[in-house]
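Asker: structure_14.txt is the file, holding compact mmCIF, C-alpha atoms:
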```
# COMPACT_ATOMS: atom_id res chain seq x y z
CA MET X 80 77.27 -133.99 -106.45
CA PHE X 81 75.61 -131.67 -103.93
CA GLN X 82 72.16 -130.57 -105.05
CA MET X 83 73.07 -131.23 -108.68
CA LYS X 84 70.78 -134.20 -109.15
CA LYS X 85 68.53 -131.88 -111.09
CA ASN X 86 66.31 -133.36 -113.74
CA PHE X 87 67.54 -132.10 -117.09
CA ARG X 88 65.25 -134.47 -118.97
CA SER X 89 62.49 -131.96 -119.59
CA ALA X 90 64.78 -130.10 -121.98
CA ALA X 91 66.04 -133.20 -123.79
CA LEU X 92 64.16 -132.82 -127.09
CA GLY X 93 64.90 -129.12 -127.31
CA LEU X 94 68.58 -129.70 -126.69
CA VAL X 95 68.71 -132.29 -129.47
CA GLY X 96 67.53 -129.64 -131.88
CA ILE X 97 69.91 -127.03 -130.50
CA ALA X 98 72.86 -129.41 -130.76
CA THR X 99 71.93 -130.14 -134.39
CA VAL X 100 71.87 -126.43 -135.18
CA LEU X 101 75.22 -125.93 -133.47
CA ALA X 102 76.74 -128.69 -135.54
CA ALA X 103 75.24 -127.47 -138.81
CA GLN X 104 75.91 -123.73 -138.38
CA PRO X 105 78.92 -123.31 -136.09
CA ALA X 106 79.71 -119.74 -137.21
CA ALA X 107 76.19 -118.46 -136.54
CA ALA X 108 76.01 -120.35 -133.25
CA ASP X 109 79.33 -118.92 -132.13
CA ALA X 110 78.20 -115.41 -132.98
CA GLY X 111 74.99 -115.91 -131.06
CA PHE X 112 76.85 -117.27 -128.07
CA GLN X 113 79.30 -114.38 -128.08
CA LYS X 114 76.37 -111.97 -128.20
CA TRP X 115 74.90 -113.74 -125.17
CA VAL X 116 78.22 -113.50 -123.31
CA ALA X 117 78.38 -109.78 -124.04
CA SER X 118 74.86 -109.32 -122.68
CA PHE X 119 75.71 -111.33 -119.57
CA ARG X 120 78.48 -108.90 -118.75
CA GLY X 121 75.84 -106.49 -117.43
CA VAL X 122 74.29 -109.21 -115.26
CA ALA X 123 77.71 -109.96 -113.82
CA ALA X 124 78.43 -106.28 -113.15
CA SER X 125 75.12 -105.87 -111.33
CA ASN X 126 76.23 -108.71 -109.06
CA GLY X 127 79.53 -107.08 -108.20
CA ILE X 128 81.74 -108.79 -110.77
CA SER X 129 84.48 -106.52 -112.09
CA GLY X 130 85.21 -106.19 -115.78
CA LYS X 131 88.68 -107.58 -115.15
CA THR X 132 87.31 -110.72 -113.54
CA PHE X 133 84.74 -111.17 -116.30
CA ASP X 134 87.36 -110.89 -119.01
CA ARG X 135 89.64 -113.39 -117.25
CA ALA X 136 86.78 -115.85 -116.86
CA PHE X 137 85.65 -115.71 -120.48
CA ARG X 138 89.07 -115.55 -122.11
CA GLY X 139 89.02 -118.25 -124.78
CA VAL X 140 85.34 -119.10 -124.17
CA THR X 141 84.02 -118.32 -127.65
CA ALA X 142 81.53 -121.13 -128.32
CA PRO X 143 79.23 -123.46 -126.38
CA ASP X 144 80.58 -126.82 -125.28
CA PRO X 145 78.80 -129.46 -127.41
CA GLU X 146 79.70 -132.23 -124.96
CA VAL X 147 77.83 -130.39 -122.21
CA LEU X 148 74.73 -130.38 -124.38
CA GLU X 149 75.23 -134.05 -125.16
CA LYS X 150 75.42 -134.94 -121.49
CA ALA X 151 72.49 -132.69 -120.61
CA ARG X 152 70.20 -134.44 -123.05
CA TYR X 153 71.52 -137.95 -122.47
CA GLN X 154 68.76 -140.42 -121.64
CA PRO X 155 70.18 -143.70 -120.29
CA GLU X 156 68.30 -146.66 -121.69
CA PHE X 157 69.35 -148.87 -118.82
CA THR X 158 67.59 -148.29 -115.51
CA ALA X 159 69.99 -149.74 -112.98
CA PRO X 160 68.48 -152.17 -110.46
CA VAL X 161 69.32 -151.42 -106.87
CA TRP X 162 72.03 -154.07 -106.62
CA ASP X 163 73.87 -152.57 -109.60
CA TYR X 164 74.01 -149.13 -107.98
CA PHE X 165 75.51 -150.48 -104.75
CA ASP X 166 77.82 -153.03 -106.40
CA ASN X 167 79.57 -150.22 -108.28
CA ARG X 168 79.97 -147.99 -105.23
CA VAL X 169 80.24 -150.11 -102.11
CA GLN X 170 82.96 -152.41 -103.37
CA GLU X 171 86.33 -153.76 -102.33
CA ASP X 172 88.51 -151.15 -104.03
CA ALA X 173 86.53 -148.20 -102.62
CA ILE X 174 86.75 -149.75 -99.16
CA ALA X 175 90.49 -150.46 -99.38
CA VAL X 176 91.35 -147.00 -100.71
CA GLY X 177 89.11 -145.43 -98.09
CA ARG X 178 91.02 -147.17 -95.32
CA GLN X 179 94.30 -146.08 -96.90
CA MET X 180 93.06 -142.48 -97.05
CA ALA X 181 91.93 -142.71 -93.43
CA ARG X 182 95.53 -143.49 -92.45
CA GLN X 183 97.11 -140.98 -94.83
CA TRP X 184 94.88 -138.08 -93.76
CA LYS X 185 94.42 -139.03 -90.11
CA PRO X 186 95.83 -135.79 -88.59
CA TRP X 187 93.50 -133.70 -90.74
CA LEU X 188 90.54 -136.02 -90.20
CA ASP X 189 91.15 -135.72 -86.44
CA ARG X 190 90.94 -131.93 -86.71
CA ILE X 191 87.93 -131.89 -89.02
CA GLU X 192 86.02 -134.42 -86.95
CA SER X 193 86.75 -132.44 -83.78
CA ARG X 194 85.73 -129.12 -85.35
CA PHE X 195 82.55 -130.19 -87.15
CA GLY X 196 81.47 -133.32 -85.30
CA VAL X 197 80.99 -135.35 -88.48
CA ASP X 198 82.28 -138.93 -88.56
CA ARG X 199 85.44 -139.23 -90.67
CA HIS X 200 84.24 -142.40 -92.37
CA ILE X 201 81.18 -140.57 -93.69
CA LEU X 202 83.46 -137.91 -95.18
CA LEU X 203 85.68 -140.54 -96.77
CA ALA X 204 82.64 -142.28 -98.25
CA ILE X 205 81.38 -139.00 -99.74
CA TRP X 206 84.84 -138.36 -101.19
CA SER X 207 84.76 -141.80 -102.80
CA MET X 208 81.24 -141.36 -104.16
CA GLU X 209 81.83 -137.89 -105.54
CA SER X 210 85.27 -138.08 -107.15
CA ASN X 211 86.76 -141.53 -106.47
CA TYR X 212 89.07 -139.95 -103.87
CA GLY X 213 90.06 -137.23 -106.31
CA GLU X 214 90.92 -139.47 -109.25
CA ILE X 215 88.18 -137.95 -111.41
CA LEU X 216 89.84 -134.55 -111.10
CA LYS X 217 92.80 -135.93 -113.06
CA ASN X 218 90.60 -136.94 -116.01
CA ASP X 219 90.59 -134.20 -118.65
CA LYS X 220 87.74 -135.95 -120.46
CA VAL X 221 85.48 -135.46 -117.44
CA MET X 222 86.63 -132.15 -115.96
CA ARG X 223 85.84 -129.03 -117.93
CA ASN X 224 85.88 -125.24 -117.74
CA VAL X 225 83.08 -124.36 -115.29
CA VAL X 226 82.46 -120.96 -116.87
CA ARG X 227 82.05 -122.48 -120.33
CA SER X 228 79.86 -125.34 -119.07
CA LEU X 229 77.48 -123.08 -117.18
CA SER X 230 77.43 -120.52 -119.99
CA THR X 231 76.52 -123.31 -122.42
CA LEU X 232 73.59 -124.39 -120.25
CA ALA X 233 72.47 -120.81 -119.66
CA TYR X 234 72.62 -120.05 -123.37
CA ALA X 235 71.29 -123.28 -124.91
CA ASP X 236 69.17 -124.99 -122.25
CA LYS X 237 66.39 -122.44 -121.91
CA SER X 238 64.44 -124.44 -119.33
CA ARG X 239 67.49 -124.41 -117.06
CA ALA X 240 68.73 -120.93 -117.89
CA LYS X 241 67.85 -119.38 -114.54
CA PHE X 242 69.66 -122.09 -112.58
CA ALA X 243 72.73 -121.96 -114.83
CA ARG X 244 72.89 -118.16 -114.73
CA THR X 245 72.74 -118.20 -110.92
CA GLN X 246 75.55 -120.75 -110.77
CA LEU X 247 77.59 -118.79 -113.30
CA VAL X 248 77.38 -115.62 -111.21
CA SER X 249 78.56 -117.61 -108.18
CA ALA X 250 81.41 -119.12 -110.20
CA LEU X 251 82.55 -115.61 -111.19
CA LYS X 252 82.42 -114.56 -107.53
CA ILE X 253 84.62 -117.54 -106.61
CA LEU X 254 87.12 -116.47 -109.26
CA GLN X 255 87.03 -112.87 -108.06
CA SER X 256 87.60 -113.96 -104.45
CA GLY X 257 90.99 -115.38 -105.40
CA ASP X 258 90.29 -118.85 -103.99
CA ILE X 259 91.11 -120.34 -107.40
CA ASP X 260 92.35 -118.96 -110.72
CA GLU X 261 90.55 -119.28 -114.02
CA SER X 262 92.76 -122.09 -115.31
CA HIS X 263 91.82 -124.29 -112.37
CA LEU X 264 88.13 -123.39 -112.09
CA THR X 265 87.08 -126.79 -113.40
CA GLY X 266 84.19 -129.13 -112.72
CA SER X 267 81.72 -131.58 -114.16
CA TRP X 268 79.61 -130.81 -117.22
CA ALA X 269 76.98 -129.34 -114.87
CA GLY X 270 79.41 -127.27 -112.82
CA ALA X 271 80.05 -129.48 -109.77
CA MET X 272 83.55 -128.76 -108.51
CA GLY X 273 86.42 -130.22 -106.57
CA HIS X 274 87.08 -133.38 -104.58
CA THR X 275 83.62 -133.26 -103.01
CA GLN X 276 81.72 -131.90 -106.04
CA PHE X 277 80.07 -128.67 -104.94
CA ILE X 278 78.10 -126.46 -107.30
CA PRO X 279 79.15 -122.79 -107.06
CA THR X 280 76.27 -121.57 -104.85
CA SER X 281 76.87 -124.41 -102.41
CA TYR X 282 80.58 -123.65 -102.42
CA GLU X 283 79.76 -120.06 -101.46
CA ALA X 284 77.54 -121.28 -98.62
CA TYR X 285 79.79 -123.95 -97.13
CA ALA X 286 83.40 -123.71 -98.38
CA VAL X 287 86.05 -123.82 -95.64
CA ASP X 288 89.75 -122.90 -95.58
CA ALA X 289 90.78 -125.78 -93.33
CA ASP X 290 94.51 -125.73 -94.06
CA GLY X 291 94.80 -122.01 -93.26
CA ASN X 292 96.47 -120.86 -96.46
CA GLY X 293 93.90 -118.14 -97.08
CA LYS X 294 92.10 -119.98 -99.89
CA ARG X 295 89.06 -122.26 -99.84
CA ASP X 296 90.52 -124.66 -102.37
CA ILE X 297 88.36 -127.78 -102.76
CA TRP X 298 90.20 -128.63 -106.02
CA ASN X 299 93.73 -129.04 -104.65
CA SER X 300 93.39 -129.17 -100.86
CA VAL X 301 91.94 -132.40 -99.48
CA PRO X 302 91.55 -130.82 -96.00
CA ASP X 303 89.55 -127.94 -97.48
CA ALA X 304 87.35 -130.32 -99.48
CA LEU X 305 86.61 -132.68 -96.58
CA ALA X 306 86.02 -129.80 -94.17
CA THR X 307 83.63 -128.22 -96.68
CA ALA X 308 81.61 -131.45 -96.85
CA ALA X 309 81.63 -131.65 -93.05
CA ASN X 310 80.46 -128.04 -92.78
CA LEU X 311 77.54 -128.74 -95.10
CA LEU X 312 76.44 -131.71 -93.01
CA ARG X 313 76.87 -129.88 -89.70
CA LYS X 314 74.89 -126.85 -90.87
CA ASN X 315 72.10 -129.14 -92.04
CA GLY X 316 71.71 -130.79 -88.66
CA TRP X 317 74.22 -133.64 -88.42
CA GLN X 318 74.01 -135.33 -85.01
CA THR X 319 77.48 -136.03 -83.66
CA GLY X 320 78.02 -139.55 -82.37
CA LYS X 321 74.81 -140.86 -83.92
CA ALA X 322 74.45 -143.49 -86.63
CA TRP X 323 72.87 -142.86 -90.02
CA GLY X 324 70.63 -145.88 -89.52
CA TYR X 325 70.60 -149.62 -88.90
CA GLU X 326 70.09 -152.74 -90.95
CA VAL X 327 67.16 -154.66 -89.49
CA THR X 328 65.27 -157.92 -89.87
CA LEU X 329 61.53 -157.75 -90.46
CA PRO X 330 59.13 -160.33 -89.06
CA ALA X 331 57.54 -162.39 -91.82
CA GLY X 332 54.03 -161.59 -92.96
CA ARG X 333 53.61 -158.34 -91.10
CA LYS X 334 52.77 -154.99 -92.65
CA PHE X 335 54.30 -151.86 -91.22
CA PRO X 336 53.05 -148.29 -90.89
CA GLY X 337 54.71 -145.50 -92.78
CA GLY X 338 56.33 -142.54 -91.10
CA SER X 339 58.69 -142.23 -88.18
CA MET X 340 58.59 -143.95 -84.80
CA SER X 341 61.09 -144.47 -82.00
CA LEU X 342 63.51 -147.36 -82.36
CA ALA X 343 61.98 -148.81 -79.19
CA LYS X 344 58.54 -148.76 -80.83
CA TRP X 345 59.87 -150.46 -83.94
CA GLN X 346 61.44 -153.11 -81.77
CA SER X 347 58.19 -153.63 -79.87
CA ILE X 348 56.42 -154.61 -83.11
CA GLY X 349 59.02 -157.18 -84.09
CA VAL X 350 61.71 -155.26 -86.00
CA VAL X 351 65.12 -156.49 -84.83
CA ARG X 352 68.54 -154.98 -85.49
CA ALA X 353 70.78 -157.15 -87.67
CA ARG X 354 73.08 -159.56 -85.82
CA ASN X 355 70.72 -159.15 -82.84
CA LYS X 356 72.59 -156.07 -81.69
CA PRO X 357 70.80 -153.58 -79.43
CA PHE X 358 69.85 -150.10 -80.58
CA PRO X 359 72.21 -147.73 -78.73
CA SER X 360 69.61 -144.93 -78.53
CA PRO X 361 66.14 -146.55 -78.43
CA SER X 362 64.40 -143.19 -78.06
CA ASP X 363 65.70 -141.93 -81.42
CA ASN X 364 63.09 -141.78 -84.16
CA ALA X 365 63.58 -143.77 -87.35
CA GLU X 366 61.84 -144.48 -90.64
CA LEU X 367 61.71 -147.86 -92.37
CA LYS X 368 63.31 -148.06 -95.82
CA VAL X 369 63.17 -151.16 -98.03
CA LEU X 370 64.82 -150.38 -101.36
CA ASP X 371 64.81 -153.90 -102.78
CA GLY X 372 61.52 -155.35 -101.58
CA ARG X 373 60.82 -157.42 -98.50
CA GLU X 374 63.28 -160.08 -99.69
CA GLY X 375 66.16 -157.60 -99.74
CA PRO X 376 67.87 -155.76 -96.90
CA ALA X 377 65.76 -153.48 -94.69
CA PHE X 378 66.84 -150.41 -92.73
CA LEU X 379 65.64 -148.08 -90.02
CA MET X 380 66.90 -144.63 -90.99
CA THR X 381 67.62 -142.03 -88.33
CA LYS X 382 68.07 -138.27 -88.73
CA ASN X 383 71.62 -138.42 -90.09
CA PHE X 384 70.42 -140.41 -93.09
CA PHE X 385 68.15 -137.51 -94.04
CA VAL X 386 70.99 -135.04 -93.46
CA LEU X 387 73.03 -137.04 -95.99
CA LYS X 388 70.20 -136.50 -98.46
CA ARG X 389 70.92 -132.77 -98.28
CA TYR X 390 74.09 -133.66 -100.18
CA ASN X 391 72.14 -135.61 -102.76
CA ASN X 392 68.39 -136.03 -102.39
CA ALA X 393 68.25 -139.74 -103.21
CA ASP X 394 67.75 -142.67 -100.85
CA LYS X 395 70.22 -144.82 -102.79
CA TYR X 396 72.94 -142.18 -102.56
CA ALA X 397 72.56 -141.61 -98.81
CA LEU X 398 72.42 -145.34 -98.13
CA ALA X 399 75.50 -146.00 -100.26
CA VAL X 400 77.41 -143.36 -98.29
CA GLY X 401 76.32 -144.94 -95.02
CA LEU X 402 77.13 -148.51 -96.07
CA LEU X 403 80.51 -147.55 -97.54
CA ALA X 404 81.37 -145.54 -94.41
CA ASP X 405 80.57 -148.57 -92.24
CA GLU X 406 82.76 -150.81 -94.40
CA ILE X 407 85.67 -148.35 -94.29
CA ALA X 408 85.30 -148.20 -90.51
CA GLY X 409 85.41 -152.00 -90.31
CA TYR X 410 81.87 -152.52 -89.03
CA GLY X 411 81.12 -155.17 -91.63
CA GLY X 412 78.73 -155.40 -94.53
CA LEU X 413 75.12 -156.35 -94.98
CA VAL X 414 73.63 -159.39 -93.29
CA ARG X 415 71.04 -159.74 -96.07
CA ASP X 416 72.38 -159.04 -99.53
CA TRP X 417 70.59 -157.44 -102.46
CA ASN X 418 68.46 -159.62 -104.72
CA ARG X 419 70.48 -160.60 -107.78
CA PRO X 420 69.45 -162.97 -110.58
CA PHE X 421 73.04 -164.25 -110.77
CA THR X 422 76.08 -165.06 -108.64
CA LYS X 423 78.03 -161.93 -107.76
CA LEU X 424 81.63 -161.43 -108.85
CA SER X 425 84.29 -159.96 -106.58
CA PHE X 426 85.90 -156.67 -107.57
CA GLU X 427 88.97 -158.50 -108.89
CA GLU X 428 86.78 -160.89 -110.86
CA LYS X 429 84.92 -157.99 -112.46
CA GLN X 430 88.28 -156.56 -113.54
CA GLU X 431 89.20 -159.97 -114.94
CA LEU X 432 85.90 -160.06 -116.83
CA GLN X 433 86.62 -156.66 -118.35
CA LYS X 434 90.10 -157.83 -119.42
CA HIS X 435 88.58 -160.83 -121.22
CA LEU X 436 86.05 -158.58 -122.94
CA LEU X 437 88.83 -156.18 -123.96
CA THR X 438 91.00 -158.98 -125.34
CA LEU X 439 88.11 -160.34 -127.38
CA GLY X 440 87.35 -156.90 -128.81
CA TYR X 441 83.98 -156.40 -127.16
CA TYR X 442 85.08 -153.67 -124.72
CA ASP X 443 87.29 -150.60 -125.02
CA GLY X 444 86.81 -148.95 -121.63
CA LYS X 445 88.84 -148.89 -118.43
CA ILE X 446 89.67 -151.98 -116.42
CA ASP X 447 88.17 -150.51 -113.28
CA GLY X 448 85.89 -153.22 -111.93
CA LYS X 449 82.85 -150.97 -112.37
CA ILE X 450 80.12 -152.37 -114.56
CA GLY X 451 78.69 -149.45 -116.48
CA SER X 452 76.87 -149.23 -119.79
CA GLY X 453 80.01 -150.05 -121.81
CA SER X 454 80.72 -153.19 -119.81
CA ARG X 455 77.08 -154.29 -119.95
CA SER X 456 76.92 -153.84 -123.73
CA ALA X 457 80.09 -155.91 -124.08
CA ILE X 458 78.68 -158.61 -121.80
CA VAL X 459 75.49 -158.76 -123.89
CA ALA X 460 77.54 -159.15 -127.06
CA VAL X 461 79.69 -161.94 -125.66
CA GLN X 462 76.65 -163.69 -124.16
CA GLN X 463 75.06 -163.71 -127.61
CA ALA X 464 78.25 -165.12 -129.10
CA LEU X 465 78.35 -167.85 -126.44
CA GLY X 466 74.68 -168.73 -126.78
CA LEU X 467 73.82 -167.44 -123.29
CA GLN X 468 70.86 -165.32 -122.28
CA PRO X 469 71.88 -161.74 -123.21
CA ASP X 470 70.98 -160.09 -119.90
CA GLY X 471 74.21 -158.07 -119.48
CA HIS X 472 74.80 -159.33 -115.94
CA PRO X 473 78.44 -159.63 -114.72
CA SER X 474 77.90 -163.22 -113.57
CA LYS X 475 80.09 -166.10 -112.50
CA GLU X 476 78.72 -168.07 -115.45
CA VAL X 477 79.91 -165.52 -118.01
CA LEU X 478 83.36 -165.28 -116.43
CA SER X 479 83.66 -169.06 -116.23
CA ARG X 480 82.86 -169.42 -119.93
CA LEU X 481 85.37 -166.74 -120.85
CA ARG X 482 88.06 -168.44 -118.78
CA GLN X 483 87.57 -171.56 -120.89
CA ARG X 484 88.27 -169.75 -124.16
```
As a first step, turn the structure in this file into structure tokens.

Answerer:
Amino acid sequence: MFQMKKNFRSAALGLVGIATVLAAQPAAADAGFQKWVASFRGVAASNGISGKTFDRAFRGVTAPDPEVLEKARYQPEFTAPVWDYFDNRVQEDAIAVGRQMARQWKPWLDRIESRFGVDRHILLAIWSMESNYGEILKNDKVMRNVVRSLSTLAYADKSRAKFARTQLVSALKILQSGDIDESHLTGSWAGAMGHTQFIPTSYEAYAVDADGNGKRDIWNSVPDALATAANLLRKNGWQTGKAWGYEVTLPAGRKFPGGSMSLAKWQSIGVVRARNKPFPSPSDNAELKVLDGREGPAFLMTKNFFVLKRYNNADKYALAVGLLADEIAGYGGLVRDWNRPFTKLSFEEKQELQKHLLTLGYYDGKIDGKIGSGSRSAIVAVQQALGLQPDGHPSKEVLSRLRQR
């Protein structure tokens, strides 16, 4: 979600209290919210929003969205280790669907790649990461009215009011532009929209009408969504024809300086590209990243890696995009895998594990091969029932025991 990895945690305790008040006194809360909406009308007008557009946007929006407040204050108790993050994103299904989408959308990807100079596999990986190739947009439990979501945050999350108000004004401008109508102006709880999950201000800055129908429609037009992502990367300095980085092998026992050096310099002090491949552009500068300790995979990151972080300012996100893009392109996976305290399951085996957990009544989520908090809680419960260490890991041992039942 572009630039939406904001930290809402500072408002968590306040939002708990607000949510309690909303639940206890819905009539008063609704009246207060409607008063806020009425006052915001002037803010919208001062930003060029017509009364007609404002009324269309807020038709039926009479109370805050309690689920938005719930998600805004949510504090996950489980801090995912690095392997968990990548296992759920760079996995067999995402790779297979990505390759299918590469074939299905090839004519458009040819045009977008030619116009913006951004590798198609990077765009496909972003599409996967942001909306599971558009599948999330079909989920009514996830997608919500952007105007209501942002109004809820602006009204109830006082520490984030300025941000939410700015995004709300941009959302109203999008509606007024005619790119999308109010019934389809949907997004995540925090206002990220479309196949490639842009917040409204970022949409205004980068949205592209790639298919030429006169609308920048990242909700319904895959070409528009992928071209918008490509435009963002290009405008933030994407280097055409360059890699995002390289997996490398580090010499044992040696410490390395921080900061950026040329690939040739890294090589001169013993850092070797995985599979003993040469660096295609030895003069390019790169920075060493080791996300899982010296025993895990290591990478030299070039400029495009840091451009990817303009989409989401997290090393794990940018690396997952790069690794998934390489897999979709057929370049192969990691030489050195992540450190796991168990034997990894394949994507199909993780689905099988979820089916066993569902059958036994420990799990009620989707059979999607992604091990989230619901799957982990179910695994802990079944491990306790089986007399195993309740670590919540989707391991070969757990699956083997369940197969025997």

Asker: Excluding segment 354-363 of chain X and residues on its chain fewer than 6 positions from it, collect all residues at most 12 Å away from it, counting only C-alpha atoms, and give them as a PyMOL selection string.

Answerer: chain X and resi 318+320-328+339-347+379-383+410-415

Asker: Do a neighbour search on Arg373 of chain X at 9 Å with all atoms listed in the file, toss out local chain neighbours closer than 3 positions, and write the hits as a PDB file with C-alpha atoms, in the frame of the given file.

Answerer:
```
ATOM      1  CA  LEU X 329      61.530-157.750 -90.460  1.00  0.00           C
ATOM      2  CA  ALA X 331      57.540-162.390 -91.820  1.00  0.00           C
ATOM      3  CA  VAL X 369      63.170-151.160 -98.030  1.00  0.00           C
ATOM      4  CA  LEU X 370      64.820-150.380-101.360  1.00  0.00           C
ATOM      5  CA  PRO X 376      67.870-155.760 -96.900  1.00  0.00           C
ATOM      6  CA  ALA X 377      65.760-153.480 -94.690  1.00  0.00           C
TER       7      ALA X 377
END
```

Asker: Produce a table with one row for each residue of segment 260-310 of chain X that has an atom at most 7 Å from any atom of segment 200-220 of chain X, each row naming the nearest atom pair and its distance in Å at one decimal; use all atoms listed in the file; arrange rows by chain and rising residue number; format as a tab-separated table.

Answerer:
```
residue	atom	partner	partner_atom	distance
X:His274	CA	X:Gly213	CA	5.2
X:Thr275	CA	X:Trp206	CA	5.6
X:Gln276	CA	X:Glu209	CA	6.0
X:Leu305	CA	X:Leu202	CA	6.3
X:Ala308	CA	X:Leu202	CA	6.9
X:Ala309	CA	X:Leu202	CA	6.9
```

Asker: Out of X:Val461, X:Leu247, X:Leu264, X:Ala404, which residue has the shortest atom-to-atom distance to Ala175 of chain X when counting all atoms listed in the file?

Answerer: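 Ranking X:Val461, X:Leu247, X:Leu264, X:Ala404 by distance to Ala175 of chain X, first place goes to X:Ala404.
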
Asker: I need the residue nearest Leu424 of chain X from this list: X:Gln170, X:Ala235, X:Tyr441, X:Arg295. Use only C-alpha atoms for the distance.

Answerer: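 Going through X:Gln170, X:Ala235, X:Tyr441, X:Arg295 one by one, the smallest distance to Leu424 of chain X is for X:Gln170.
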
Asker: Report the distance between atom CA of Ser256 of chain X and atom CA of Tyr285 of chain X in Å, rounded to one decimal place.

Answerer: 14.6 Å

Asker: Just how far from atom CA of Val386 of chain X is atom CA of Ile253 of chain X, in Å to one decimal?

Answerer: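 Interatomic distance here is 25.8 Å.
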
Asker: Which one is closest to Glu406 of chain X: X:Pro145, X:Gly111, X:Gly471, X:Gly177? Count all atoms listed in the file.

Answerer: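 The closest residue to Glu406 of chain X is X:Gly177.
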
Asker: Counting only C-alpha atoms, I want the residues whose atoms come within 12 Å of (77.2, -134.5, -79.3) in the file frame, returned as a ChimeraX atom specification.

Answerer: /X:192-198,313,316-322

Asker: What's the separation between atom CA of Thr307 of chain X and atom CA of Asp189 of chain X, in Å to one decimal place?

Answerer: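 Atom-to-atom, atom CA of Thr307 of chain X and atom CA of Asp189 of chain X are spaced 14.8 Å apart.
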
Asker: Return the single residue from X:Ser267, X:Thr280, X:Asn315, X:Ser300 that is closest to Arg244 of chain X, with distances computed using only C-alpha atoms.

Answerer: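 Selected residue with least distance to Arg244 of chain X: X:Thr280.
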
Asker: Do a neighbour search on Lys131 of chain X at 10 Å with all atoms listed in the file, toss out local chain neighbours closer than 4 positions, and write the hits as a list of chain:residue names.

Answerer: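 Surrounding residues, per the criterion: X:Arg135, X:Ala136, X:Gln255.
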
Asker: From the set X:Lys314, X:Arg199, X:Lys252, X:Arg482, which residue has the shortest atom-to-atom contact distance to Tyr390 of chain X, counting only C-alpha atoms?

Answerer: X:Lys314

Asker: For a quick check of understanding, using only C-alpha atoms, which of X:Lys241, X:Arg333, X:Leu403, X:Glu171 has the smallest distance to Gln430 of chain X?

Answerer: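 The shortest atom-to-atom distance to Gln430 of chain X comes from X:Glu171.
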
Asker: Counting only C-alpha atoms, what is within 10 Å of Ala124 of chain X, bar same-chain residues fewer than 5 positions away, as a PyMOL selection string?

Answerer: chain X and resi 119+129-130+132-133+248

Asker: Using all atoms listed in the file, which residues sit within 8 Å of Ala306 of chain X once same-chain residues fewer than 3 positions away are excluded, as a list in words?

Answerer: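 After dropping sequence-adjacent residues, the list is Ile191, Phe195, Ala286, Val287, Asp288, Ala289, Pro302, Asp303, Ala309 and Asn310 of chain X.
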
Asker: Mind writing the picked residues with C-alpha atoms as a PDB file, in the coordinates of the input?

Answerer:
```pdb
ATOM      1  CA  ILE X 191      87.930-131.890 -89.020  1.00  0.00           C
ATOM      2  CA  PHE X 195      82.550-130.190 -87.150  1.00  0.00           C
ATOM      3  CA  ALA X 286      83.400-123.710 -98.380  1.00  0.00           C
ATOM      4  CA  VAL X 287      86.050-123.820 -95.640  1.00  0.00           C
ATOM      5  CA  ASP X 288      89.750-122.900 -95.580  1.00  0.00           C
ATOM      6  CA  ALA X 289      90.780-125.780 -93.330  1.00  0.00           C
ATOM      7  CA  PRO X 302      91.550-130.820 -96.000  1.00  0.00           C
ATOM      8  CA  ASP X 303      89.550-127.940 -97.480  1.00  0.00           C
ATOM      9  CA  ALA X 309      81.630-131.650 -93.050  1.00  0.00           C
ATOM     10  CA  ASN X 310      80.460-128.040 -92.780  1.00  0.00           C
TER      11      ASN X 310
END
```

Asker: Within 12 Å of (77.7, -111.1, -125.2) (file coordinates; all atoms listed in the file), which protein or nucleic acid residues are there? I'd like them as a list in words.

Answerer: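 Taken together, the residues in range are Asp109, Ala110, Gly111, Phe112, Gln113, Lys114, Trp115, Val116, Ala117, Ser118, Phe119, Arg120, Gly121, Val122, Ala123, Phe133, Asp134, Phe137, Val140, Thr141, Ala142, Ser230 and Tyr234 of chain X.
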
Asker: Rebuild segment 235-242 of chain X to N, CA and C atoms - output it as an mmCIF file, in the frame of the given file, please.

Answerer:
```
data_model
loop_
_atom_site.group_PDB
_atom_site.id
_atom_site.type_symbol
_atom_site.label_atom_id
_atom_site.label_comp_id
_atom_site.auth_asym_id
_atom_site.auth_seq_id
_atom_site.Cartn_x
_atom_site.Cartn_y
_atom_site.Cartn_z
ATOM 1 N N ALA X 235 71.945 -122.309 -124.023
ATOM 2 C CA ALA X 235 71.290 -123.280 -124.910
ATOM 3 C C ALA X 235 70.177 -124.081 -124.251
ATOM 4 N N ASP X 236 70.202 -124.208 -122.950
ATOM 5 C CA ASP X 236 69.170 -124.990 -122.250
ATOM 6 C C ASP X 236 68.208 -124.001 -121.601
ATOM 7 N N LYS X 237 67.231 -123.539 -122.372
ATOM 8 C CA LYS X 237 66.390 -122.440 -121.910
ATOM 9 C C LYS X 237 65.585 -122.798 -120.666
ATOM 10 N N SER X 238 65.215 -124.054 -120.513
ATOM 11 C CA SER X 238 64.440 -124.440 -119.330
ATOM 12 C C SER X 238 65.280 -124.418 -118.064
ATOM 13 N N ARG X 239 66.599 -124.431 -118.219
ATOM 14 C CA ARG X 239 67.490 -124.410 -117.060
ATOM 15 C C ARG X 239 68.310 -123.119 -117.014
ATOM 16 N N ALA X 240 67.934 -122.139 -117.791
ATOM 17 C CA ALA X 240 68.730 -120.930 -117.890
ATOM 18 C C ALA X 240 68.881 -120.211 -116.561
ATOM 19 N N LYS X 241 67.790 -120.107 -115.811
ATOM 20 C CA LYS X 241 67.850 -119.380 -114.540
ATOM 21 C C LYS X 241 68.829 -120.040 -113.581
ATOM 22 N N PHE X 242 68.742 -121.355 -113.451
ATOM 23 C CA PHE X 242 69.660 -122.090 -112.580
ATOM 24 C C PHE X 242 71.114 -121.889 -113.030
#
```
